[in-house]
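data37.txt, holding compact mmCIF, C-alpha atoms and all ligand atoms:
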```
# COMPACT_ATOMS: atom_id res chain seq x y z
CA MET A 38 10.14 15.46 -19.70
CA ALA A 39 6.38 15.69 -20.06
CA ARG A 40 4.30 13.52 -17.88
CA GLN A 41 0.61 12.94 -17.55
CA GLY A 42 -1.54 11.78 -14.71
CA LYS A 43 -0.47 11.00 -11.22
CA MET A 44 2.75 9.36 -10.28
CA GLN A 45 3.36 6.81 -7.58
CA CYS A 46 6.77 6.65 -6.02
CA GLU A 47 8.26 4.56 -3.32
CA PRO A 48 10.87 6.40 -1.29
CA ARG A 49 13.69 4.52 0.30
CA TRP A 50 12.51 4.82 3.91
CA THR A 51 15.75 4.23 5.74
CA PHE A 52 18.57 6.24 7.26
CA ASN A 53 20.23 8.99 5.23
CA THR A 54 17.42 9.08 2.73
CA GLN A 55 17.24 12.85 2.30
CA SER A 56 18.75 12.79 -1.18
CA TRP A 57 16.13 10.38 -2.52
CA ALA A 58 14.03 13.22 -3.90
CA ASP A 59 16.95 14.97 -5.60
CA GLY A 60 16.32 15.42 -9.28
CA LYS A 61 12.81 14.02 -9.09
CA LYS A 62 9.85 16.15 -10.11
CA PHE A 63 6.66 15.81 -8.13
CA LYS A 64 3.22 17.29 -8.56
CA ALA A 65 0.43 17.83 -6.10
CA GLY A 66 -1.69 14.68 -6.00
CA ASP A 67 1.22 12.33 -6.62
CA MET A 68 1.37 9.45 -4.19
CA LEU A 69 4.31 8.45 -2.08
CA ILE A 70 4.17 4.88 -0.85
CA PHE A 71 6.21 4.27 2.25
CA ASN A 72 7.17 0.62 2.59
CA TYR A 73 9.06 -0.19 5.77
CA ASP A 74 9.14 -2.50 8.77
CA PRO A 75 6.58 -1.06 11.21
CA SER A 76 8.44 -2.59 14.14
CA LEU A 77 11.37 -0.32 13.27
CA HIS A 78 9.94 2.90 11.87
CA ASP A 79 6.92 5.07 11.28
CA VAL A 80 6.18 8.00 8.98
CA ALA A 81 5.07 11.36 10.34
CA THR A 82 4.05 14.39 8.32
CA VAL A 83 5.56 17.54 9.78
CA ASP A 84 6.04 21.22 9.03
CA ALA A 85 9.34 22.86 8.16
CA SER A 86 10.43 23.69 11.69
CA SER A 87 9.53 20.22 12.93
CA TYR A 88 11.47 18.79 10.02
CA ASP A 89 14.53 20.80 10.97
CA GLY A 90 14.10 20.02 14.65
CA CYS A 91 13.20 16.35 14.16
CA ALA A 92 10.06 16.52 16.27
CA THR A 93 6.44 15.84 15.54
CA SER A 94 3.83 18.46 16.33
CA PRO A 95 0.15 18.18 17.27
CA SER A 96 -0.73 18.72 13.62
CA SER A 97 1.39 15.78 12.49
CA THR A 98 -0.21 12.71 11.02
CA VAL A 99 1.69 9.60 12.03
CA TYR A 100 1.43 6.51 9.83
CA THR A 101 2.38 3.17 11.31
CA SER A 102 1.10 0.43 9.00
CA GLY A 103 4.38 -0.25 7.21
CA LYS A 104 2.77 0.40 3.84
CA ASP A 105 1.40 3.90 3.92
CA THR A 106 0.29 5.92 0.94
CA VAL A 107 0.47 9.68 1.30
CA LYS A 108 -0.83 12.13 -1.27
CA LEU A 109 1.45 15.10 -1.86
CA LYS A 110 0.07 18.57 -1.37
CA LYS A 111 1.26 21.59 -3.30
CA GLY A 112 4.49 23.01 -1.98
CA GLN A 113 6.88 21.42 0.43
CA ASN A 114 5.93 18.11 2.01
CA TYR A 115 8.01 17.03 4.98
CA PHE A 116 8.24 13.56 6.45
CA ILE A 117 10.21 12.20 9.37
CA CYS A 118 10.38 8.99 11.35
CA SER A 119 9.16 9.86 14.83
CA ILE A 120 11.06 7.07 16.59
CA PRO A 121 13.61 8.81 18.85
CA SER A 122 16.92 9.57 17.10
CA HIS A 123 15.90 8.13 13.73
CA CYS A 124 15.25 11.53 12.17
CA ASP A 125 18.54 12.75 13.60
CA TRP A 126 20.17 9.82 11.79
CA GLY A 127 18.73 11.05 8.54
CA LEU A 128 15.40 9.27 8.30
CA LYS A 129 13.64 12.34 6.97
CA LEU A 130 12.48 13.47 3.59
CA ALA A 131 11.42 16.76 2.03
CA VAL A 132 9.54 16.67 -1.28
CA ASN A 133 8.50 19.69 -3.27
CA ALA A 134 5.32 19.27 -5.30
CA SER A 135 4.32 21.74 -7.98
CA SER A 136 0.73 22.41 -8.97
CU CU A 201 12.62 5.08 12.35
```
Starting from the coordinates I provided, produce the structure as structure tokens.
Ligand SMILES: [Cu+2]
Amino acid sequence: MARQGKMQCEPRWTFNTQSWADGKKFKAGDMLIFNYDPSLHDVATVDASSYDGCATSPSSTVYTSGKDTVKLKKGQNYFICSIPSHCDWGLKLAVNASS
């Protein structure tokens, strides 16, 4: 399906959310809006190994406002919740954005 302009999407930021992006097509510059209870979760950008290992790295950006807008970059974009164990319980998301 053709699409024009930038898309805004709101991922389900809760446990076992990995499949949220399945079947969705994203482009670089699209916005993901993370809506969640900031007393429960945060959103951290991570690289592939940190995504697999459920750990943030010094290069991670951690968002904590509860309504955080993140612009997708080209390629794989990885997000986890950095609260201990939450990523292990599936609060993680990988989104592939084409150019
Ligand atoms: Cu969490």
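One finds CA of Val132 in chain A at 11.3 Å from CA of Thr82 in chain A.
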Go through A:Asp84, A:Asp74, A:Asp67, A:Asp79 one by one, measure the shortest atom-to-atom distance of each to Pro121 in chain A using only C-alpha atoms, and give the residue with the smallest value.
A:Asp79
Shell around Thr98 in chain A at 12 Å using all atoms listed in the file, local window under 5 positions removed, as an MDAnalysis selection string:
chainID A and resid 79:84 93 105 107 115:119
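Selecting all polymer residues at most 10 Å from ligand CU 201 (chain A), using only C-alpha atoms and all ligand atoms, gives A:Trp50, A:Thr51, A:Phe52, A:Tyr73, A:Asp74, A:Pro75, A:Ser76, A:Leu77, A:His78, A:Asp79, A:Val80, A:Ile117, A:Cys118, A:Ser119, A:Ile120, A:Pro121, A:Ser122, A:His123, A:Cys124, A:Asp125, A:Trp126, A:Gly127, A:Leu128, A:Lys129.
For Arg49 in chain A, the list of residues within 10 Å, based on all atoms listed in the file and with local chain neighbours fewer than 3 positions off taken out, reads Cys46, Phe52, Asn53, Thr54, Gln55, Ser56, Trp57, Ala58, Ile70, Phe71, Asn72, Tyr73, Leu128 and Leu130 of chain A.
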Can you tell me, as a PDB file with C-alpha atoms, keeping the file's coordinate frame, which residues sit within 7 Å of (6.8, 6.8, -7.0) in the file's frame, using only C-alpha atoms?
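Saved the output as result_38.pdb:
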```
ATOM      1  CA  MET A  44       2.750   9.360 -10.280  1.00  0.00           C
ATOM      2  CA  GLN A  45       3.360   6.810  -7.580  1.00  0.00           C
ATOM      3  CA  CYS A  46       6.770   6.650  -6.020  1.00  0.00           C
ATOM      4  CA  GLU A  47       8.260   4.560  -3.320  1.00  0.00           C
ATOM      5  CA  MET A  68       1.370   9.450  -4.190  1.00  0.00           C
ATOM      6  CA  LEU A  69       4.310   8.450  -2.080  1.00  0.00           C
ATOM      7  CA  ILE A  70       4.170   4.880  -0.850  1.00  0.00           C
TER       8      ILE A  70
END
```
Block slice chain A, C-alpha atoms, emitted as a short mmCIF file (atom, residue, chain, number, x, y, z; two decimals), in the first residue's frame:
```cif
data_model
loop_
_atom_site.label_atom_id
_atom_site.label_comp_id
_atom_site.auth_asym_id
_atom_site.auth_seq_id
_atom_site.Cartn_x
_atom_site.Cartn_y
_atom_site.Cartn_z
CA MET A 38 0.00 0.00 0.00
CA ALA A 39 1.41 3.38 -0.95
CA ARG A 40 1.80 5.91 1.76
CA GLN A 41 2.95 9.47 1.83
CA GLY A 42 4.49 11.59 4.51
CA LYS A 43 5.44 10.55 7.96
CA MET A 44 3.52 8.15 10.09
CA GLN A 45 2.91 8.31 13.80
CA CYS A 46 2.35 5.09 15.64
CA GLU A 47 1.73 4.25 19.22
CA PRO A 48 3.24 0.94 20.26
CA ARG A 49 1.65 -1.08 22.99
CA TRP A 50 4.33 -0.49 25.64
CA THR A 51 3.66 -3.42 27.92
CA PHE A 52 4.93 -6.94 28.47
CA ASN A 53 5.20 -9.32 25.51
CA THR A 54 4.96 -6.53 23.02
CA GLN A 55 7.57 -7.79 20.57
CA SER A 56 5.02 -8.78 17.94
CA TRP A 57 3.49 -5.31 17.79
CA ALA A 58 5.63 -4.35 14.80
CA ASP A 59 4.87 -7.52 12.85
CA GLY A 60 3.40 -6.74 9.48
CA LYS A 61 3.81 -3.00 9.92
CA LYS A 62 5.94 -1.02 7.50
CA PHE A 63 8.00 1.82 8.87
CA LYS A 64 10.17 4.44 7.24
CA ALA A 65 12.99 6.51 8.58
CA GLY A 66 11.52 9.67 10.08
CA ASP A 67 8.34 8.00 11.27
CA MET A 68 7.50 8.73 14.87
CA LEU A 69 6.81 6.21 17.57
CA ILE A 70 4.90 7.61 20.52
CA PHE A 71 5.39 5.66 23.70
CA ASN A 72 2.51 6.17 26.11
CA TYR A 73 2.96 4.43 29.43
CA ASP A 74 2.88 4.94 33.18
CA PRO A 75 6.27 6.46 34.06
CA SER A 76 6.06 5.05 37.57
CA LEU A 77 6.14 1.57 36.02
CA HIS A 78 8.29 1.77 32.90
CA ASP A 79 10.73 3.75 30.81
CA VAL A 80 11.89 3.51 27.20
CA ALA A 81 15.56 3.07 26.33
CA THR A 82 17.07 3.03 22.87
CA VAL A 83 19.63 0.26 22.55
CA ASP A 84 21.76 -1.53 19.99
CA ALA A 85 21.23 -5.10 18.83
CA SER A 86 23.40 -6.79 21.45
CA SER A 87 21.86 -4.74 24.24
CA TYR A 88 18.44 -5.65 22.89
CA ASP A 89 19.29 -9.33 23.00
CA GLY A 90 20.92 -9.02 26.41
CA CYS A 91 18.27 -6.72 27.88
CA ALA A 92 20.77 -4.14 29.10
CA THR A 93 21.24 -0.48 28.36
CA SER A 94 24.61 0.80 27.22
CA PRO A 95 26.32 4.17 27.64
CA SER A 96 25.03 5.15 24.21
CA SER A 97 21.43 4.49 25.18
CA THR A 98 18.95 7.30 25.42
CA VAL A 99 16.48 6.68 28.22
CA TYR A 100 13.08 8.36 28.06
CA THR A 101 11.06 8.63 31.24
CA SER A 102 8.24 11.12 30.66
CA GLY A 103 5.49 8.58 30.00
CA LYS A 104 4.72 10.15 26.64
CA ASP A 105 7.87 10.02 24.60
CA THR A 106 8.14 10.56 20.89
CA VAL A 107 11.05 8.88 19.15
CA LYS A 108 11.93 9.39 15.51
CA LEU A 109 12.94 6.20 13.71
CA LYS A 110 16.30 6.06 12.03
CA LYS A 111 17.02 4.00 8.95
CA GLY A 112 17.57 0.34 9.70
CA GLN A 113 16.82 -1.47 12.90
CA ASN A 114 15.61 0.52 15.89
CA TYR A 115 15.67 -1.27 19.21
CA PHE A 116 13.82 -0.27 22.36
CA ILE A 117 13.68 -1.85 25.78
CA CYS A 118 12.34 -0.96 29.20
CA SER A 119 15.38 -0.55 31.43
CA ILE A 120 13.57 -1.38 34.67
CA PRO A 121 15.14 -4.64 35.94
CA SER A 122 13.48 -7.77 34.53
CA HIS A 123 10.93 -5.92 32.40
CA CYS A 124 12.83 -6.49 29.17
CA ASP A 125 13.27 -10.13 30.14
CA TRP A 126 9.49 -10.28 30.47
CA GLY A 127 9.14 -9.11 26.92
CA LEU A 128 8.95 -5.34 27.23
CA LYS A 129 11.15 -4.79 24.21
CA LEU A 130 10.56 -3.82 20.63
CA ALA A 131 12.53 -3.97 17.41
CA VAL A 132 11.34 -1.87 14.45
CA ASN A 133 12.86 -1.88 11.02
CA ALA A 134 12.64 1.39 9.13
CA SER A 135 13.36 1.62 5.43
CA SER A 136 14.67 4.75 3.75
#
```
